Amino acid sequence: MVSLHALVYRSQATRPLETTDLDALLLDARVNNQLANVTGTLIYGGQRFVQYLEGARADVEQIYARISRARQHRELEILEQGSLDARRLQRWHMGFAEAPQSLVQQLSQAQWQRDLPWLEDEIASSPGLKHLLSFWNDQVALVR
Ligand SMILES: Cc1cc2nc3c(=O)[nH]c(=O)nc-3n(C[C@H](O)[C@H](O)[C@H](O)COP(=O)(O)O)c2cc1C
């Protein structure tokens with residue numbers, strides 16, 4: 001079995017994005033992620049993004065390389081990456097939620113593993129990821 005890998009980064013939108021821009025972006029991203037079997041979620045607020053990706057390491061890296069080339073954002077910074085025991089968002093080829101700027105800021109400033117080297121390689125134990133996933137699970141509960 002291929003071992004799983006997860007990656008979280010933050011970035012800054014190059015301009016305020018309208019719903020139609022975001023829809024086009026997500027449509028494209030979801031088709032691609034499905035082909036690569038990458039799942040995750042994208043959170044947008046106050047012209048900032050935080051995105052979580054999970055899948056086989058080579059697939060996550062390939063998708064991240066593609067994401068880094070997109071012109072709609074800049075200043076990409078990886079907050080954390082590491083191995084994963086099981087997918088957390090297996091139904092989502094790319095979930096999406098708009099969030100208040102304060103929440104996106106909190107997430108990008110949360111404690112990620114780069115600040116907690118003793119957590120070693122397992123991303124699931126990171127407080128930053130727990131925060132992100134708990135926000136996402138609340139969003140999913142709301143739309144159900
Ligand atoms: C914030 C953000 C998230 C993205 N997420 C994904 C993704 O999950 N998977 C993917 O294949 N591409 C992703 N992309 C890339 C877009 O789907 C698309 O290729 C890109 O925005 C093309 O725009 P451009 O040609 O104007 O640069 C992302 C792009 C941005 C800006």
# chains A, B, ... in the order shown; residues from 1 in each chain; ligands from 1
$ closest_atom_pairs --of "chain A" --to "ligand 1" --cutoff "10 Å" --atoms "only C-alpha atoms and all ligand atoms" --output "CSV"
residue,atom,partner,partner_atom_place_in_ligand_line,distance
A:Tyr9,CA,ligand 1,1 (C),9.7
A:Arg10,CA,ligand 1,1 (C),8.6
A:Ser11,CA,ligand 1,1 (C),7.3
A:Gln12,CA,ligand 1,1 (C),8.4
A:Ala13,CA,ligand 1,31 (C),7.3
A:Thr14,CA,ligand 1,31 (C),9.0
A:Leu17,CA,ligand 1,31 (C),9.8
A:Asp21,CA,ligand 1,21 (O),8.8
A:Leu22,CA,ligand 1,1 (C),8.6
A:Asp23,CA,ligand 1,17 (O),9.9
A:Ala24,CA,ligand 1,17 (O),7.8
A:Leu25,CA,ligand 1,17 (O),4.7
A:Leu26,CA,ligand 1,17 (O),6.1
A:Leu27,CA,ligand 1,17 (O),7.2
A:Asp28,CA,ligand 1,17 (O),4.5
A:Ala29,CA,ligand 1,10 (C),3.7
A:Arg30,CA,ligand 1,9 (N),6.3
A:Val31,CA,ligand 1,11 (O),7.4
A:Asn32,CA,ligand 1,11 (O),4.6
A:Asn33,CA,ligand 1,9 (N),5.3
A:Gln34,CA,ligand 1,11 (O),8.9
A:Leu35,CA,ligand 1,11 (O),9.1
A:Ala36,CA,ligand 1,11 (O),8.5
A:Val38,CA,ligand 1,8 (O),7.8
A:Thr39,CA,ligand 1,8 (O),7.9
A:Gly40,CA,ligand 1,8 (O),7.5
A:Thr41,CA,ligand 1,8 (O),7.8
A:Leu42,CA,ligand 1,3 (C),6.7
A:Ile43,CA,ligand 1,1 (C),8.4
A:Tyr44,CA,ligand 1,1 (C),8.0
A:Arg48,CA,ligand 1,1 (C),8.5
A:Phe49,CA,ligand 1,1 (C),5.9
A:Val50,CA,ligand 1,1 (C),7.7
A:Gln51,CA,ligand 1,3 (C),7.0
A:Tyr52,CA,ligand 1,8 (O),8.5
A:Leu53,CA,ligand 1,8 (O),7.2
A:Glu54,CA,ligand 1,8 (O),10.0
A:Val60,CA,ligand 1,9 (N),9.1
A:Gln62,CA,ligand 1,11 (O),8.5
A:Ile63,CA,ligand 1,11 (O),5.2
A:Tyr64,CA,ligand 1,9 (N),7.3
A:Ala65,CA,ligand 1,12 (N),8.8
A:Arg66,CA,ligand 1,12 (N),5.9
A:Ile67,CA,ligand 1,14 (N),4.3
A:Ser68,CA,ligand 1,29 (C),7.4
A:Arg69,CA,ligand 1,27 (O),6.2
A:Ala70,CA,ligand 1,27 (O),3.5
A:Arg71,CA,ligand 1,27 (O),3.8
A:Gln72,CA,ligand 1,31 (C),4.7
A:His73,CA,ligand 1,31 (C),5.1
A:Arg74,CA,ligand 1,31 (C),8.3
A:Leu76,CA,ligand 1,1 (C),9.4
A:His93,CA,ligand 1,8 (O),7.7
A:Met94,CA,ligand 1,8 (O),6.0
A:Gly95,CA,ligand 1,8 (O),9.1
A:Phe96,CA,ligand 1,3 (C),9.8
$ closest_residue --among "A:Asp85, A:Glu98, A:Glu80, A:Glu61" --to "Gly46 (chain A)" --atoms "only C-alpha atoms"
A:Glu98
$ select_by_dssp --residues "chain A" --states "strand (DSSP E or B)" --output "number ranges by chain"
A: 4-13, 39-45, 48-56, 73-84, 95-98, 122
$ write_last_selection --atoms "N, CA and C atoms" --output "tab-separated table (two decimals), in the first residue's frame"
chain	number	residue	atom	x	y	z
A	4	LEU	N	0.52	7.43	2.81
A	4	LEU	CA	-0.18	8.70	2.58
A	4	LEU	C	0.64	9.87	3.07
A	5	HIS	N	0.42	10.99	2.41
A	5	HIS	CA	1.16	12.21	2.72
A	5	HIS	C	0.16	13.37	2.74
A	6	ALA	N	0.40	14.33	3.60
A	6	ALA	CA	-0.47	15.51	3.63
A	6	ALA	C	0.38	16.77	3.60
A	7	LEU	N	-0.20	17.82	3.06
A	7	LEU	CA	0.53	19.10	2.94
A	7	LEU	C	-0.47	20.24	3.18
A	8	VAL	N	-0.05	21.22	3.96
A	8	VAL	CA	-0.87	22.41	4.19
A	8	VAL	C	-0.02	23.63	3.84
A	9	TYR	N	-0.59	24.55	3.06
A	9	TYR	CA	0.14	25.80	2.77
A	9	TYR	C	-0.81	26.97	2.91
A	10	ARG	N	-0.23	28.14	2.97
A	10	ARG	CA	-1.04	29.36	2.91
A	10	ARG	C	-0.55	30.21	1.75
A	11	SER	N	-1.43	31.09	1.26
A	11	SER	CA	-1.02	32.01	0.18
A	11	SER	C	-1.90	33.24	0.22
A	12	GLN	N	-1.53	34.18	-0.63
A	12	GLN	CA	-2.22	35.47	-0.70
A	12	GLN	C	-2.80	35.61	-2.10
A	13	ALA	N	-4.10	35.91	-2.21
A	13	ALA	CA	-4.70	36.11	-3.54
A	13	ALA	C	-4.10	37.37	-4.17
A	39	THR	N	-7.25	14.38	-2.20
A	39	THR	CA	-8.43	14.96	-1.53
A	39	THR	C	-7.96	16.09	-0.61
A	40	GLY	N	-8.94	16.87	-0.13
A	40	GLY	CA	-8.55	17.97	0.75
A	40	GLY	C	-9.58	19.08	0.78
A	41	THR	N	-9.16	20.22	1.29
A	41	THR	CA	-10.07	21.36	1.34
A	41	THR	C	-9.32	22.68	1.19
A	42	LEU	N	-10.06	23.66	0.65
A	42	LEU	CA	-9.51	25.00	0.42
A	42	LEU	C	-10.35	25.99	1.23
A	43	ILE	N	-9.68	26.83	1.99
A	43	ILE	CA	-10.39	27.83	2.80
A	43	ILE	C	-9.93	29.21	2.34
A	44	TYR	N	-10.92	30.10	2.11
A	44	TYR	CA	-10.62	31.43	1.56
A	44	TYR	C	-11.27	32.50	2.39
A	45	GLY	N	-10.53	33.53	2.71
A	45	GLY	CA	-11.10	34.67	3.43
A	45	GLY	C	-10.11	35.80	3.51
A	48	ARG	N	-6.96	35.67	1.51
A	48	ARG	CA	-5.93	34.68	1.84
A	48	ARG	C	-6.50	33.27	1.68
A	49	PHE	N	-5.61	32.37	1.30
A	49	PHE	CA	-5.98	30.96	1.20
A	49	PHE	C	-5.21	30.13	2.21
A	50	VAL	N	-5.87	29.07	2.72
A	50	VAL	CA	-5.18	27.98	3.39
A	50	VAL	C	-5.73	26.71	2.75
A	51	GLN	N	-4.84	25.85	2.29
A	51	GLN	CA	-5.30	24.63	1.61
A	51	GLN	C	-4.63	23.40	2.20
A	52	TYR	N	-5.43	22.35	2.35
A	52	TYR	CA	-4.96	21.07	2.88
A	52	TYR	C	-5.10	20.03	1.77
A	53	LEU	N	-4.04	19.29	1.50
A	53	LEU	CA	-4.05	18.26	0.46
A	53	LEU	C	-3.58	16.94	1.06
A	54	GLU	N	-4.20	15.83	0.64
A	54	GLU	CA	-3.76	14.51	1.12
A	54	GLU	C	-3.83	13.51	-0.03
A	55	GLY	N	-2.92	12.54	-0.01
A	55	GLY	CA	-2.87	11.52	-1.05
A	55	GLY	C	-1.50	10.86	-1.03
A	56	ALA	N	-1.21	10.10	-2.10
A	56	ALA	CA	0.14	9.54	-2.20
A	56	ALA	C	1.12	10.70	-2.35
A	73	HIS	N	-2.72	33.53	-7.11
A	73	HIS	CA	-2.16	33.74	-5.78
A	73	HIS	C	-0.64	33.82	-5.80
A	74	ARG	N	-0.06	34.27	-4.67
A	74	ARG	CA	1.41	34.39	-4.57
A	74	ARG	C	1.79	34.21	-3.11
A	75	GLU	N	3.06	34.32	-2.85
A	75	GLU	CA	3.58	34.18	-1.49
A	75	GLU	C	3.15	32.86	-0.85
A	76	LEU	N	3.25	31.78	-1.62
A	76	LEU	CA	2.89	30.48	-1.04
A	76	LEU	C	3.92	30.09	0.01
A	77	GLU	N	3.41	29.58	1.11
A	77	GLU	CA	4.31	29.13	2.18
A	77	GLU	C	3.76	27.82	2.75
A	78	ILE	N	4.57	26.78	2.71
A	78	ILE	CA	4.14	25.50	3.29
A	78	ILE	C	4.14	25.62	4.80
A	79	LEU	N	3.00	25.33	5.40
A	79	LEU	CA	2.90	25.41	6.87
A	79	LEU	C	3.32	24.09	7.50
A	80	GLU	N	3.01	23.01	6.80
A	80	GLU	CA	3.37	21.70	7.35
A	80	GLU	C	3.18	20.63	6.29
A	81	GLN	N	4.01	19.61	6.34
A	81	GLN	CA	3.74	18.40	5.55
A	81	GLN	C	4.30	17.21	6.28
A	82	GLY	N	3.72	16.05	6.02
A	82	GLY	CA	4.21	14.86	6.71
A	82	GLY	C	3.35	13.66	6.38
A	83	SER	N	3.66	12.55	6.99
A	83	SER	CA	2.93	11.32	6.70
A	83	SER	C	1.59	11.32	7.44
A	84	LEU	N	0.71	10.47	6.95
A	84	LEU	CA	-0.66	10.43	7.46
A	84	LEU	C	-1.07	8.96	7.56
A	95	GLY	N	-12.80	20.21	-1.09
A	95	GLY	CA	-13.84	20.95	-0.39
A	95	GLY	C	-13.52	22.43	-0.46
A	96	PHE	N	-14.52	23.27	-0.23
A	96	PHE	CA	-14.26	24.71	-0.25
A	96	PHE	C	-15.13	25.40	0.79
A	97	ALA	N	-14.56	26.32	1.51
A	97	ALA	CA	-15.36	27.14	2.43
A	97	ALA	C	-14.79	28.55	2.45
A	98	GLU	N	-15.71	29.52	2.46
A	98	GLU	CA	-15.28	30.89	2.72
A	98	GLU	C	-15.32	31.09	4.21
A	122	GLU	N	4.42	12.81	11.81
A	122	GLU	CA	3.00	12.48	11.70
A	122	GLU	C	2.16	13.76	11.78
